[in-house]
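Source file: data36.csv (CSV, C-alpha atoms)
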```
chain,number,residue,atom,x,y,z
D,178,MET,CA,-40.8,-56.0,-2.7
D,179,LYS,CA,-37.7,-57.6,-4.0
D,180,THR,CA,-38.0,-55.6,-7.2
D,181,TRP,CA,-38.4,-52.4,-5.2
D,182,GLU,CA,-35.3,-53.3,-3.1
D,183,LYS,CA,-33.3,-54.1,-6.3
D,184,ARG,CA,-34.3,-50.7,-7.8
D,185,THR,CA,-33.5,-48.9,-4.6
D,186,MET,CA,-30.0,-50.5,-4.4
D,187,GLN,CA,-29.4,-49.5,-8.1
D,188,ILE,CA,-30.3,-45.9,-7.3
D,189,ALA,CA,-28.1,-46.0,-4.2
D,190,ALA,CA,-25.2,-47.3,-6.3
D,191,VAL,CA,-25.6,-44.6,-8.9
D,192,GLY,CA,-25.8,-42.0,-6.1
D,193,ALA,CA,-22.6,-43.4,-4.5
D,194,MET,CA,-20.9,-43.3,-7.8
D,195,ALA,CA,-22.0,-39.7,-8.3
D,196,MET,CA,-20.6,-38.8,-4.9
D,197,THR,CA,-17.4,-40.5,-5.7
D,198,LEU,CA,-17.1,-38.6,-9.0
D,199,ALA,CA,-17.9,-35.3,-7.3
D,200,GLY,CA,-15.3,-36.1,-4.7
D,201,CYS,CA,-12.7,-36.7,-7.5
D,202,ALA,CA,-13.7,-33.4,-9.1
D,203,THR,CA,-13.2,-31.5,-5.9
D,204,ALA,CA,-9.9,-33.1,-5.2
D,205,LYS,CA,-8.7,-32.3,-8.7
D,206,SER,CA,-9.8,-28.7,-8.3
D,207,ASN,CA,-7.9,-28.4,-5.0
D,208,SER,CA,-4.8,-29.9,-6.5
D,209,SER,CA,-4.7,-27.4,-9.3
D,210,GLN,CA,-5.5,-24.3,-7.4
D,211,GLY,CA,-5.5,-20.7,-8.7
D,212,ASN,CA,-6.0,-19.0,-12.1
D,213,ASN,CA,-3.9,-19.6,-15.2
D,214,PRO,CA,-3.0,-17.2,-18.0
D,215,GLY,CA,-4.5,-17.4,-21.5
D,216,LYS,CA,-2.9,-15.6,-24.4
D,217,THR,CA,-2.2,-12.7,-22.1
D,218,ILE,CA,-1.4,-12.4,-18.4
D,219,LYS,CA,-4.4,-10.7,-16.8
D,220,ILE,CA,-3.5,-8.5,-13.9
D,221,GLY,CA,-6.4,-7.0,-11.9
D,222,VAL,CA,-6.5,-3.5,-10.3
D,223,ASN,CA,-8.7,-3.2,-7.3
D,224,MET,CA,-8.4,0.5,-6.6
D,225,GLU,CA,-9.9,3.5,-5.0
D,226,LEU,CA,-10.7,5.6,-8.1
D,227,SER,CA,-13.6,7.5,-6.5
D,228,GLY,CA,-14.5,8.4,-3.0
D,229,SER,CA,-12.3,9.8,-0.2
D,230,ALA,CA,-9.1,8.0,-1.2
D,231,ALA,CA,-9.5,8.6,-5.0
D,232,GLY,CA,-6.5,11.0,-5.1
D,233,TYR,CA,-4.2,8.1,-4.0
D,234,GLY,CA,-5.9,5.6,-6.2
D,235,GLU,CA,-5.6,7.7,-9.3
D,236,GLN,CA,-1.9,8.2,-8.7
D,237,GLN,CA,-1.4,4.5,-8.3
D,238,LYS,CA,-3.4,3.7,-11.4
D,239,GLN,CA,-1.0,6.0,-13.3
D,240,GLY,CA,2.0,4.1,-12.0
D,241,ILE,CA,0.5,0.8,-12.8
D,242,GLN,CA,-0.4,1.8,-16.4
D,243,LEU,CA,3.1,3.2,-17.0
D,244,ALA,CA,4.7,-0.1,-15.8
D,245,VAL,CA,2.4,-2.2,-18.0
D,246,LYS,CA,3.0,0.0,-21.0
D,247,GLN,CA,6.8,-0.4,-20.6
D,248,ILE,CA,6.6,-4.1,-20.1
D,249,ASN,CA,4.4,-4.7,-23.1
D,250,LYS,CA,6.5,-2.5,-25.3
D,251,GLN,CA,9.4,-4.9,-24.5
D,252,GLY,CA,7.3,-7.9,-25.5
D,253,GLY,CA,5.7,-8.7,-22.2
D,254,ILE,CA,6.7,-11.0,-19.4
D,255,LYS,CA,8.9,-14.0,-20.0
D,256,VAL,CA,7.1,-17.2,-19.0
D,257,GLY,CA,9.3,-20.2,-19.7
D,258,GLY,CA,10.4,-20.0,-23.3
D,259,THR,CA,7.8,-17.5,-24.4
D,260,LYS,CA,6.7,-13.9,-23.7
D,261,LYS,CA,3.1,-12.9,-22.8
D,262,LYS,CA,1.8,-9.4,-22.7
D,263,ILE,CA,-0.1,-8.0,-19.7
D,264,GLN,CA,-3.8,-7.3,-20.0
D,265,LEU,CA,-5.0,-4.9,-17.2
D,266,VAL,CA,-8.5,-5.2,-15.8
D,267,ILE,CA,-9.2,-2.1,-13.8
D,268,ARG,CA,-12.1,-1.8,-11.4
D,269,ASP,CA,-13.1,1.0,-9.0
D,270,ASN,CA,-13.8,0.0,-5.4
D,271,LYS,CA,-15.1,3.5,-4.7
D,272,THR,CA,-13.2,3.6,-1.3
D,273,SER,CA,-15.8,1.2,0.0
D,274,ASN,CA,-14.9,-1.9,1.9
D,275,THR,CA,-18.0,-3.7,0.7
D,276,THR,CA,-17.3,-2.8,-2.9
D,277,ALA,CA,-13.6,-3.7,-2.5
D,278,ALA,CA,-14.7,-7.3,-1.5
D,279,SER,CA,-17.1,-7.4,-4.5
D,280,VAL,CA,-14.4,-6.2,-6.9
D,281,ALA,CA,-12.0,-8.8,-5.6
D,282,ALA,CA,-14.6,-11.5,-6.3
D,283,GLN,CA,-15.2,-10.2,-9.8
D,284,LEU,CA,-11.6,-10.0,-10.7
D,285,VAL,CA,-10.7,-13.5,-9.6
D,286,ASN,CA,-13.9,-15.3,-10.5
D,287,ASN,CA,-15.2,-13.5,-13.6
D,288,ASP,CA,-12.1,-11.9,-15.1
D,289,LYS,CA,-9.8,-14.8,-14.1
D,290,VAL,CA,-6.8,-12.5,-13.3
D,291,VAL,CA,-3.7,-14.2,-12.0
D,292,ALA,CA,-2.7,-11.3,-9.7
D,293,VAL,CA,-4.1,-8.1,-8.3
D,294,VAL,CA,-2.5,-4.7,-7.5
D,295,GLY,CA,-4.4,-2.9,-4.7
D,296,PRO,CA,-6.3,-1.8,-2.9
D,297,ALA,CA,-4.6,1.3,-1.7
D,298,THR,CA,-6.0,1.4,1.8
D,299,THR,CA,-5.7,-1.1,4.6
D,300,SER,CA,-9.4,-1.3,5.3
D,301,ALA,CA,-10.4,-1.9,1.6
D,302,GLY,CA,-7.5,-4.4,1.2
D,303,THR,CA,-8.5,-6.3,4.3
D,304,ALA,CA,-12.1,-6.6,3.1
D,305,ALA,CA,-10.8,-8.1,-0.2
D,306,ILE,CA,-8.6,-10.8,1.5
D,307,PRO,CA,-11.2,-13.6,1.9
D,308,ASN,CA,-12.0,-13.6,-1.8
D,309,MET,CA,-8.3,-13.5,-2.8
D,310,ASN,CA,-7.5,-16.4,-0.5
D,311,LYS,CA,-10.5,-18.5,-1.7
D,312,ALA,CA,-9.4,-18.1,-5.3
D,313,ALA,CA,-5.7,-18.6,-4.5
D,314,VAL,CA,-4.8,-15.3,-6.3
D,315,PRO,CA,-2.1,-13.0,-4.8
D,316,SER,CA,-2.5,-9.3,-4.3
D,317,VAL,CA,0.1,-6.6,-3.8
D,318,SER,CA,-1.0,-3.5,-2.1
D,319,PRO,CA,1.2,-0.5,-2.9
D,320,SER,CA,0.2,1.4,0.3
D,321,ALA,CA,-1.7,-0.7,2.9
D,322,THR,CA,0.4,0.1,6.0
D,323,ASP,CA,-1.3,-1.5,9.0
D,324,PRO,CA,1.1,-3.9,10.6
D,325,ASP,CA,-1.5,-6.8,10.7
D,326,TYR,CA,-2.5,-6.4,7.1
D,327,THR,CA,-0.5,-9.4,5.8
D,328,LEU,CA,-1.3,-11.6,8.9
D,329,GLN,CA,-4.2,-13.8,9.9
D,330,LYS,CA,-5.8,-13.3,13.4
D,331,SER,CA,-3.7,-16.3,14.6
D,332,GLY,CA,-0.5,-14.4,13.6
D,333,LYS,CA,0.3,-16.6,10.7
D,334,VAL,CA,1.0,-15.0,7.4
D,335,GLN,CA,-1.7,-14.6,4.7
D,336,LYS,CA,-0.3,-16.7,1.9
D,337,TYR,CA,-1.7,-14.5,-0.9
D,338,ILE,CA,-1.3,-11.0,0.6
D,339,PHE,CA,1.7,-8.8,0.0
D,340,ARG,CA,2.6,-5.1,0.1
D,341,ALA,CA,5.2,-2.8,-1.5
D,342,CYS,CA,5.3,-0.3,1.4
D,343,TYR,CA,6.6,-0.7,4.9
D,344,GLN,CA,4.3,-0.9,7.9
D,345,ASN,CA,3.0,1.8,10.2
D,346,ASN,CA,5.1,0.6,13.1
D,347,PHE,CA,8.3,1.2,11.1
D,348,GLN,CA,7.2,4.6,10.0
D,349,GLY,CA,6.1,5.7,13.4
D,350,SER,CA,9.2,4.5,15.2
D,351,THR,CA,11.4,6.1,12.5
D,352,ALA,CA,9.6,9.4,13.0
D,353,ALA,CA,10.1,9.1,16.8
D,354,ASN,CA,13.9,8.5,16.4
D,355,PHE,CA,14.1,11.4,13.9
D,356,VAL,CA,12.3,13.8,16.2
D,357,THR,CA,14.5,12.8,19.1
D,358,LYS,CA,18.0,12.5,17.5
D,359,GLN,CA,17.8,14.9,14.5
D,360,LEU,CA,15.3,17.6,15.8
D,361,LYS,CA,16.4,17.2,19.4
D,362,ALA,CA,12.7,17.6,20.4
D,363,LYS,CA,12.2,16.8,24.1
D,364,ARG,CA,8.5,17.8,24.3
D,365,VAL,CA,6.0,17.1,21.5
D,366,ALA,CA,2.3,17.5,20.9
D,367,ILE,CA,0.5,14.8,18.8
D,368,LEU,CA,-2.5,15.4,16.5
D,369,THR,CA,-3.9,12.1,15.3
D,370,ASP,CA,-6.3,11.3,12.5
D,371,ASN,CA,-8.4,8.6,14.3
D,372,SER,CA,-10.7,8.0,11.3
D,373,SER,CA,-8.8,4.8,10.4
D,374,ASP,CA,-6.1,2.4,11.6
D,375,TYR,CA,-3.6,4.5,9.6
D,376,GLY,CA,-3.3,7.5,11.9
D,377,THR,CA,-3.9,5.6,15.2
D,378,GLY,CA,-1.3,2.9,14.3
D,379,LEU,CA,1.3,5.5,13.5
D,380,THR,CA,0.7,7.3,16.7
D,381,LYS,CA,0.9,4.1,18.7
D,382,ALA,CA,4.3,3.2,17.2
D,383,PHE,CA,5.5,6.8,17.7
D,384,LYS,CA,4.6,6.9,21.4
D,385,LYS,CA,6.2,3.5,22.0
D,386,GLN,CA,9.5,4.6,20.6
D,387,TYR,CA,9.6,8.3,21.6
D,388,SER,CA,11.8,8.9,24.7
D,389,GLY,CA,10.7,12.5,25.3
D,390,THR,CA,7.5,13.9,26.9
D,391,VAL,CA,4.2,13.9,25.0
D,392,VAL,CA,2.7,17.2,26.2
D,393,SER,CA,-0.6,16.8,24.5
D,394,SER,CA,-2.2,14.1,22.5
D,395,GLN,CA,-5.4,15.0,20.6
D,396,THR,CA,-7.4,13.6,17.6
D,397,PHE,CA,-9.3,14.8,14.6
D,398,GLN,CA,-11.5,13.2,11.9
D,399,GLU,CA,-11.2,12.9,8.2
D,400,GLY,CA,-12.9,15.9,6.6
D,401,ASP,CA,-12.3,18.3,9.6
D,402,LYS,CA,-11.5,21.8,8.4
D,403,ASP,CA,-11.0,24.0,11.5
D,404,PHE,CA,-8.1,23.1,13.8
D,405,ASN,CA,-7.8,26.6,15.4
D,406,ALA,CA,-9.1,25.6,18.8
D,407,VAL,CA,-6.6,22.8,19.4
D,408,LEU,CA,-3.7,24.7,17.9
D,409,THR,CA,-4.5,27.7,20.1
D,410,SER,CA,-4.3,25.4,23.1
D,411,LEU,CA,-0.9,24.1,21.9
D,412,LYS,CA,0.4,27.6,21.4
D,413,HIS,CA,0.4,28.1,25.2
D,414,LYS,CA,2.3,24.9,25.9
D,415,LYS,CA,6.0,24.6,25.6
D,416,ILE,CA,6.5,22.2,22.7
D,417,ASP,CA,9.5,21.5,20.5
D,418,ALA,CA,7.6,19.7,17.6
D,419,ILE,CA,4.2,18.4,16.5
D,420,TYR,CA,3.7,14.9,15.3
D,421,ALA,CA,0.7,14.8,13.0
D,422,PRO,CA,0.2,11.5,11.2
D,423,GLY,CA,-2.5,11.6,8.5
D,424,TYR,CA,-3.3,12.6,5.0
D,425,TYR,CA,-2.4,15.8,3.1
D,426,SER,CA,-6.0,17.0,3.0
D,427,GLU,CA,-6.2,17.5,6.7
D,428,ILE,CA,-2.5,17.9,7.5
D,429,GLY,CA,-2.2,20.7,4.9
D,430,LEU,CA,-4.8,22.7,6.8
D,431,ILE,CA,-3.1,21.9,10.2
D,432,VAL,CA,0.2,23.3,8.8
D,433,LYS,CA,-1.5,26.4,7.4
D,434,GLN,CA,-3.5,27.2,10.6
D,435,ALA,CA,-0.5,26.4,12.8
D,436,ARG,CA,1.7,28.8,11.0
D,437,GLN,CA,-1.0,31.5,10.9
D,438,ALA,CA,-1.4,31.0,14.7
D,439,GLY,CA,2.3,31.7,15.1
D,440,ILE,CA,3.4,28.1,15.8
D,441,LYS,CA,6.8,27.7,14.1
D,442,VAL,CA,8.0,24.4,15.5
D,443,PRO,CA,8.7,21.5,13.2
D,444,ILE,CA,5.6,19.5,12.1
D,445,VAL,CA,6.4,15.9,11.4
D,446,GLY,CA,4.1,13.4,9.7
D,447,SER,CA,3.8,10.3,7.5
D,448,ASP,CA,3.7,9.2,3.9
D,449,GLY,CA,0.1,10.4,3.6
D,450,MET,CA,1.6,13.9,3.3
D,451,ALA,CA,3.9,12.9,0.4
D,452,ASP,CA,1.9,14.9,-2.2
D,453,ALA,CA,2.3,18.3,-3.9
D,454,LYS,CA,-1.2,19.1,-2.8
D,455,LEU,CA,0.0,19.5,0.8
D,456,ALA,CA,1.9,22.7,-0.1
D,457,GLN,CA,-1.1,23.9,-2.2
D,458,ILE,CA,-3.4,23.5,0.8
D,459,ALA,CA,-1.0,24.9,3.4
D,460,GLY,CA,0.5,27.6,1.2
D,461,LYS,CA,4.1,27.4,0.1
D,462,SER,CA,5.5,29.8,2.7
D,463,ASN,CA,3.7,27.9,5.5
D,464,ALA,CA,5.0,24.6,4.3
D,465,THR,CA,8.4,25.2,5.9
D,466,ASN,CA,10.1,23.2,8.6
D,467,VAL,CA,7.7,20.3,7.7
D,468,TYR,CA,8.9,16.7,7.6
D,469,TYR,CA,7.4,13.3,6.7
D,470,THR,CA,8.4,9.7,6.3
D,471,THR,CA,8.2,8.3,2.8
D,472,PRO,CA,9.3,5.2,0.8
D,473,PHE,CA,10.2,7.3,-2.2
D,474,SER,CA,12.1,10.5,-2.5
D,475,THR,CA,12.6,12.5,-5.7
D,476,LYS,CA,15.9,13.8,-4.3
D,477,ALA,CA,17.2,10.4,-3.3
D,478,SER,CA,16.3,9.0,-6.8
D,479,ALA,CA,19.3,10.9,-8.2
D,480,THR,CA,21.5,8.0,-7.1
D,481,ASN,CA,19.0,5.3,-8.2
D,482,LYS,CA,19.1,4.5,-11.9
D,483,VAL,CA,15.8,2.7,-11.8
D,484,ALA,CA,14.1,5.6,-10.1
D,485,SER,CA,15.7,8.2,-12.5
D,486,LYS,CA,14.3,6.3,-15.6
D,487,PHE,CA,10.9,6.0,-13.9
D,488,MET,CA,10.8,9.7,-13.2
D,489,SER,CA,11.7,10.7,-16.7
D,490,ALA,CA,9.1,8.3,-18.2
D,491,TYR,CA,6.4,9.5,-15.7
D,492,LYS,CA,7.2,13.2,-16.6
D,493,ALA,CA,7.0,12.4,-20.3
D,494,LYS,CA,3.7,10.6,-20.0
D,495,TYR,CA,1.8,12.7,-17.4
D,496,GLY,CA,3.6,16.0,-17.5
D,497,SER,CA,4.3,16.2,-13.7
D,498,THR,CA,6.8,14.9,-11.1
D,499,ALA,CA,6.1,11.4,-10.0
D,500,PRO,CA,4.4,11.1,-6.6
D,501,THR,CA,5.2,8.5,-4.0
D,502,PHE,CA,2.0,6.4,-4.6
D,503,SER,CA,2.7,6.2,-8.3
D,504,ALA,CA,6.2,4.9,-7.6
D,505,LEU,CA,4.9,2.2,-5.1
D,506,ALA,CA,2.3,1.0,-7.6
D,507,TYR,CA,4.8,0.9,-10.4
D,508,ASP,CA,7.1,-1.3,-8.2
D,509,SER,CA,4.1,-3.5,-7.4
D,510,VAL,CA,3.7,-4.4,-11.1
D,511,TYR,CA,7.4,-5.2,-11.5
D,512,MET,CA,7.3,-7.3,-8.3
D,513,ILE,CA,4.7,-9.5,-9.9
D,514,LYS,CA,6.7,-9.6,-13.2
D,515,SER,CA,9.8,-10.7,-11.3
D,516,ALA,CA,7.9,-13.4,-9.4
D,517,ILE,CA,6.5,-14.8,-12.7
D,518,GLU,CA,9.9,-14.9,-14.4
D,519,LYS,CA,11.6,-16.5,-11.4
D,520,GLU,CA,9.0,-19.2,-11.1
D,521,GLY,CA,8.7,-19.7,-14.9
D,522,SER,CA,4.9,-19.7,-14.5
D,523,ALA,CA,2.0,-17.2,-14.5
D,524,ASN,CA,-0.2,-19.6,-12.5
D,525,SER,CA,-1.6,-17.5,-9.6
D,526,VAL,CA,-0.3,-19.9,-6.9
D,527,LYS,CA,3.1,-19.9,-8.4
D,528,ILE,CA,3.1,-16.1,-8.5
D,529,ALA,CA,2.4,-16.0,-4.8
D,530,ASP,CA,5.3,-18.4,-4.2
D,531,GLY,CA,7.6,-16.1,-6.3
D,532,LEU,CA,6.5,-13.0,-4.4
D,533,ALA,CA,7.3,-14.7,-1.1
D,534,LYS,CA,10.8,-15.5,-2.3
D,535,LEU,CA,11.5,-12.0,-3.7
D,536,LYS,CA,15.0,-10.9,-2.8
D,537,ASP,CA,17.1,-7.9,-3.6
D,538,PHE,CA,14.4,-6.6,-6.1
D,539,LYS,CA,15.7,-3.4,-7.6
D,540,GLY,CA,12.8,-1.0,-7.7
D,541,VAL,CA,12.0,2.6,-7.9
D,542,THR,CA,11.5,2.8,-4.1
D,543,GLY,CA,14.7,1.0,-3.4
D,544,THR,CA,16.1,-2.5,-3.1
D,545,THR,CA,13.4,-4.7,-1.7
D,546,THR,CA,13.4,-8.2,0.0
D,547,ILE,CA,10.1,-9.7,1.1
D,548,ASP,CA,10.3,-11.0,4.7
D,549,LYS,CA,8.5,-14.0,6.2
D,550,GLN,CA,5.4,-11.8,7.0
D,551,HIS,CA,5.2,-10.6,3.3
D,552,ASN,CA,6.5,-7.1,4.2
D,553,PRO,CA,9.2,-5.4,2.2
D,554,GLU,CA,12.6,-4.7,3.8
D,555,LYS,CA,13.8,-1.5,2.3
D,556,THR,CA,15.2,1.9,3.2
D,557,ILE,CA,12.9,4.7,4.5
D,558,SER,CA,13.4,8.4,3.7
D,559,ILE,CA,12.4,11.5,5.5
D,560,GLU,CA,11.8,14.6,3.3
D,561,GLN,CA,12.0,18.1,4.6
D,562,LEU,CA,9.9,20.9,3.0
D,563,THR,CA,11.0,24.5,2.7
D,564,ASN,CA,8.6,26.9,1.1
D,565,GLY,CA,6.6,24.0,-0.2
D,566,THR,CA,9.4,22.1,-2.0
D,567,VAL,CA,11.7,19.3,-0.9
D,568,SER,CA,14.9,20.9,0.4
D,569,LYS,CA,16.6,18.0,2.1
D,570,VAL,CA,16.3,14.2,2.4
D,571,TYR,CA,17.3,12.0,5.3
D,572,ASN,CA,17.8,8.3,4.5
D,573,VAL,CA,17.3,5.9,7.3
D,574,LYS,CA,18.0,2.1,7.2
```
Please express what this file holds, its structure, as structure tokens.
Amino acid sequence: MKTWEKRTMQIAAVGAMAMTLAGCATAKSNSSQGNNPGKTIKIGVNMELSGSAAGYGEQQKQGIQLAVKQINKQGGIKVGGTKKKIQLVIRDNKTSNTTAASVAAQLVNNDKVVAVVGPATTSAGTAAIPNMNKAAVPSVSPSATDPDYTLQKSGKVQKYIFRACYQNNFQGSTAANFVTKQLKAKRVAILTDNSSDYGTGLTKAFKKQYSGTVVSSQTFQEGDKDFNAVLTSLKHKKIDAIYAPGYYSEIGLIVKQARQAGIKVPIVGSDGMADAKLAQIAGKSNATNVYYTTPFSTKASATNKVASKFMSAYKAKYGSTAPTFSALAYDSVYMIKSAIEKEGSANSVKIADGLAKLKDFKGVTGTTTIDKQHNPEKTISIEQLTNGTVSKVYNVK
């Protein structure tokens, strides 16, 4: 009996020691959070490269690759007294929330990236957040615009989540002020893409700020093709403008069918329209008296040396004018570079600290300072289309 008791106590002691060691290992892991660089600085790309948002994802990938090519050509990112080149790890989230979460896990756990650019959409980005937080790796979304994207449910900031674009509430309220003060529109109709938080969030912000009368407020779905019924109903109402927040694929058709129906009033939208495909879908002559909020304007870039160099480099590499989403993604990479250099470290936790302290960052899309909620403070532009091309730019602070 005594022998058995002695043996039992020995086993218990070994077990206790194992528990203690395990506790030490866990504590050590918690005190040295995040991923560290190797010979290169691995930056992941969690992007919509197929699926419904692939158009935006491809544009962002081009901006990311251009930025990395330039940085590596100059020797890489300065980390302390040395320079390390960037190694991109690009993965397609297929415009799927489930896949976006899985891609995030692969990037931080298997690929051991120290930062991630993307996803492009709020919904995919939100799905990826738990895995980014768990691994203590920051992500910068070039275009997730929902106001709550960088916040926890409690209202506290998500430590590892950042964005390069402004929020929907800023876009929507800016559009409302523009419609009121610049276009002098006292009566508007609203057509909202209610397929995601993007369109509904913009509409909510617009309605809250707009001081005129909303004559009609109707919705449509992603993929809709025929808007003639709703436009016919608007034709018989006295309206001074239409506010239509959404993406170029549907808004282009709305513009085309509105003009064909004889509706000539201004059509105002959001940065989802900031693509040359809008005019292709609408028809150049129809894409007149059309306006949209955007963080990047090719016209405004004439006074921005960083933007001018970017546009020239983009044209040389891809043979076309740089779109807004490429510019935002390009800035996202340089924001990460700036954070690393200011912290003197490419540890993922340190990168997050650096991003949170980013101030007066000179980017393609303007001078940016990250606020306490990890949103960029920057100038917003409103572009006006005439015959399918940008004819005028309004800069709003």
Residue with smallest distance to Ser462 of chain D - pool D:Pro443, D:Gly240, D:Gly565, D:Gly232, counting only C-alpha atoms: D:Gly565
Best match for closeness to Ser316 of chain D among D:Thr357, D:Ser515, D:Ser525, D:Asn212, counting only C-alpha atoms: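 Among the listed residues, the smallest separation from Ser316 of chain D belongs to D:Ser525.
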Spatial sel., origin (-8.5, -14.4, 1.8), limit 12 Å, all atoms listed in the file, listed as a PyMOL selection string: chain D and resi 278+281-282+285+302-316+326-330+334-339
Filtering to C-alpha atoms, could you give me those residues as a compact mmCIF listing (two decimals), in the coordinates of the input?
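Output saved as part_36.txt:
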```txt
# COMPACT_ATOMS: atom_id res chain seq x y z
CA ALA D 278 -14.70 -7.30 -1.50
CA ALA D 281 -12.00 -8.80 -5.60
CA ALA D 282 -14.60 -11.50 -6.30
CA VAL D 285 -10.70 -13.50 -9.60
CA GLY D 302 -7.50 -4.40 1.20
CA THR D 303 -8.50 -6.30 4.30
CA ALA D 304 -12.10 -6.60 3.10
CA ALA D 305 -10.80 -8.10 -0.20
CA ILE D 306 -8.60 -10.80 1.50
CA PRO D 307 -11.20 -13.60 1.90
CA ASN D 308 -12.00 -13.60 -1.80
CA MET D 309 -8.30 -13.50 -2.80
CA ASN D 310 -7.50 -16.40 -0.50
CA LYS D 311 -10.50 -18.50 -1.70
CA ALA D 312 -9.40 -18.10 -5.30
CA ALA D 313 -5.70 -18.60 -4.50
CA VAL D 314 -4.80 -15.30 -6.30
CA PRO D 315 -2.10 -13.00 -4.80
CA SER D 316 -2.50 -9.30 -4.30
CA TYR D 326 -2.50 -6.40 7.10
CA THR D 327 -0.50 -9.40 5.80
CA LEU D 328 -1.30 -11.60 8.90
CA GLN D 329 -4.20 -13.80 9.90
CA LYS D 330 -5.80 -13.30 13.40
CA VAL D 334 1.00 -15.00 7.40
CA GLN D 335 -1.70 -14.60 4.70
CA LYS D 336 -0.30 -16.70 1.90
CA TYR D 337 -1.70 -14.50 -0.90
CA ILE D 338 -1.30 -11.00 0.60
CA PHE D 339 1.70 -8.80 0.00
```
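Taking atom CA of Ser503 of chain D and atom CA of Ser372 of chain D as the two end points, the separation is 23.8 Å.
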Which residue of D:Thr217, D:Thr556, D:Thr272, D:Gln237 approaches Thr259 of chain D most closely, using all atoms listed in the file: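 Ranking D:Thr217, D:Thr556, D:Thr272, D:Gln237 by distance to Thr259 of chain D, first place goes to D:Thr217.
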Which of D:Gln398, D:Thr546, D:Ser474, D:Gln251 sits closest to Phe502 of chain D [using all atoms listed in the file]: D:Ser474
Distance of atom CA of Tyr491 of chain D from atom CA of Lys262 of chain D, expressed in Å to one decimal place: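 Going from atom CA of Lys262 of chain D over to atom CA of Tyr491 of chain D, I get 20.7 Å.
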Surrounding residues of Ala341 of chain D excluding itself and chain neighbours under 6 positions, 7 Å, all atoms listed in the file, as a VMD selection string: chain D and resid 317 to 320 505 509 553
Best match for closeness to Leu243 of chain D among D:Leu430, D:Ala297, D:Ala499, D:Met450, counting only C-alpha atoms: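 For Leu243 of chain D, the nearest of the given residues is D:Ala499.
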Contacts of segment 408-413 of chain D within 12 Å, all atoms listed in the file, excl. fewer than 5 positions in-chain, as a VMD selection string: chain D and resid 364 to 368 391 to 397 403 418 to 419 421 430 to 442
Separation of atom CA of Asp530 of chain D from atom CA of Lys486 of chain D in Å: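 Those two atoms sit 28.7 Å apart.
Proximity ranking of D:Glu520, D:Val291, D:Arg340, D:Lys415 relative to Asp548 of chain D places D:Arg340 first, based on all atoms listed in the file.
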Step by step, gather every atom of segment 541-548 of chain D that the file lists, find the box along x, y and z that holds them, add 4 Å on each side, and finally give centre and edge lengths in Å to one decimal, as lines of an AutoDock Vina configuration file.
```
center_x = 13.1
center_y = -4.1
center_z = -1.6
size_x = 14.0
size_y = 21.8
size_z = 20.6
```
What lies within 12 Å of Leu360 of chain D using all atoms listed in the file, ignoring chain neighbours under 4 positions off, as an mmCIF file with C-alpha atoms, in the frame of the given file?
```cif
data_model
loop_
_atom_site.group_PDB
_atom_site.id
_atom_site.type_symbol
_atom_site.label_atom_id
_atom_site.label_comp_id
_atom_site.auth_asym_id
_atom_site.auth_seq_id
_atom_site.Cartn_x
_atom_site.Cartn_y
_atom_site.Cartn_z
ATOM 1 C CA ALA D 352 9.600 9.400 13.000
ATOM 2 C CA ALA D 353 10.100 9.100 16.800
ATOM 3 C CA ASN D 354 13.900 8.500 16.400
ATOM 4 C CA PHE D 355 14.100 11.400 13.900
ATOM 5 C CA VAL D 356 12.300 13.800 16.200
ATOM 6 C CA ARG D 364 8.500 17.800 24.300
ATOM 7 C CA VAL D 365 6.000 17.100 21.500
ATOM 8 C CA GLY D 389 10.700 12.500 25.300
ATOM 9 C CA ASP D 417 9.500 21.500 20.500
ATOM 10 C CA ALA D 418 7.600 19.700 17.600
ATOM 11 C CA ILE D 419 4.200 18.400 16.500
ATOM 12 C CA TYR D 420 3.700 14.900 15.300
ATOM 13 C CA VAL D 442 8.000 24.400 15.500
ATOM 14 C CA PRO D 443 8.700 21.500 13.200
ATOM 15 C CA ILE D 444 5.600 19.500 12.100
ATOM 16 C CA VAL D 445 6.400 15.900 11.400
ATOM 17 C CA ASN D 466 10.100 23.200 8.600
ATOM 18 C CA VAL D 467 7.700 20.300 7.700
ATOM 19 C CA TYR D 468 8.900 16.700 7.600
ATOM 20 C CA GLN D 561 12.000 18.100 4.600
#
```
